[in-house]
Amino acid sequence: MCTFNIALEDQLVTQAKSTLPDGVSFHLWLQQQVVELLKAQVNNPCRRTGVQHHRLTDEQLAEQLAQYAPLSKNDFPDLSTKDYAYNMRTMSGRVSKGIEKWL
């Protein structure tokens with residue numbers, strides 16, 4: 001077993017201790033939290049495939065979006081001719097940030 005020294009803010013430790021039930025050792029609770037965090041990090045299959053964490057599957061996203069009404073054309077303001085022309089001049093021929101890796 002390895003031993004590590006970590007530094008925590010006093011105020012944060014005090015707040016965390018106040019949330020624990022009486023008789024629960026902060027030291028043991030913190031050790032358990034760190035072990036669980038490390039296990040989740042190591043056992044997460046997304047980490048090995050290079051997929052970013054905290055992404056939703058299509059099914060999870062559809063479930064979350066189901067609570068909202070579908071968007072309609074009226075939900076978007078009209079774009080003036082002047083704004084459209086400006087956008088075309090400034091964005092023409094450029095790829096949006098983050099999109100180039102998919103092209």
# chains A, B, ... in the order shown; residues from 1 in each chain; ligands from 1

$ select_by_dssp --residues "chain A" --states "alpha helix (DSSP H)" --output "ChimeraX atom specification"
/A:10-19,26-43,45-49,58-65,81-91

$ atom_distance --atom1 "atom CA of A:Cys2" --atom2 "atom CA of A:Trp29"
17.1 Å

$ closest_residue --among "A:Ala7, A:Met1, A:Ser96, A:Leu61" --to "A:Val35" --atoms "only C-alpha atoms"
A:Met1

$ atom_distance --atom1 "atom CA of A:Phe4" --atom2 "atom CA of A:His27"
12.8 Å
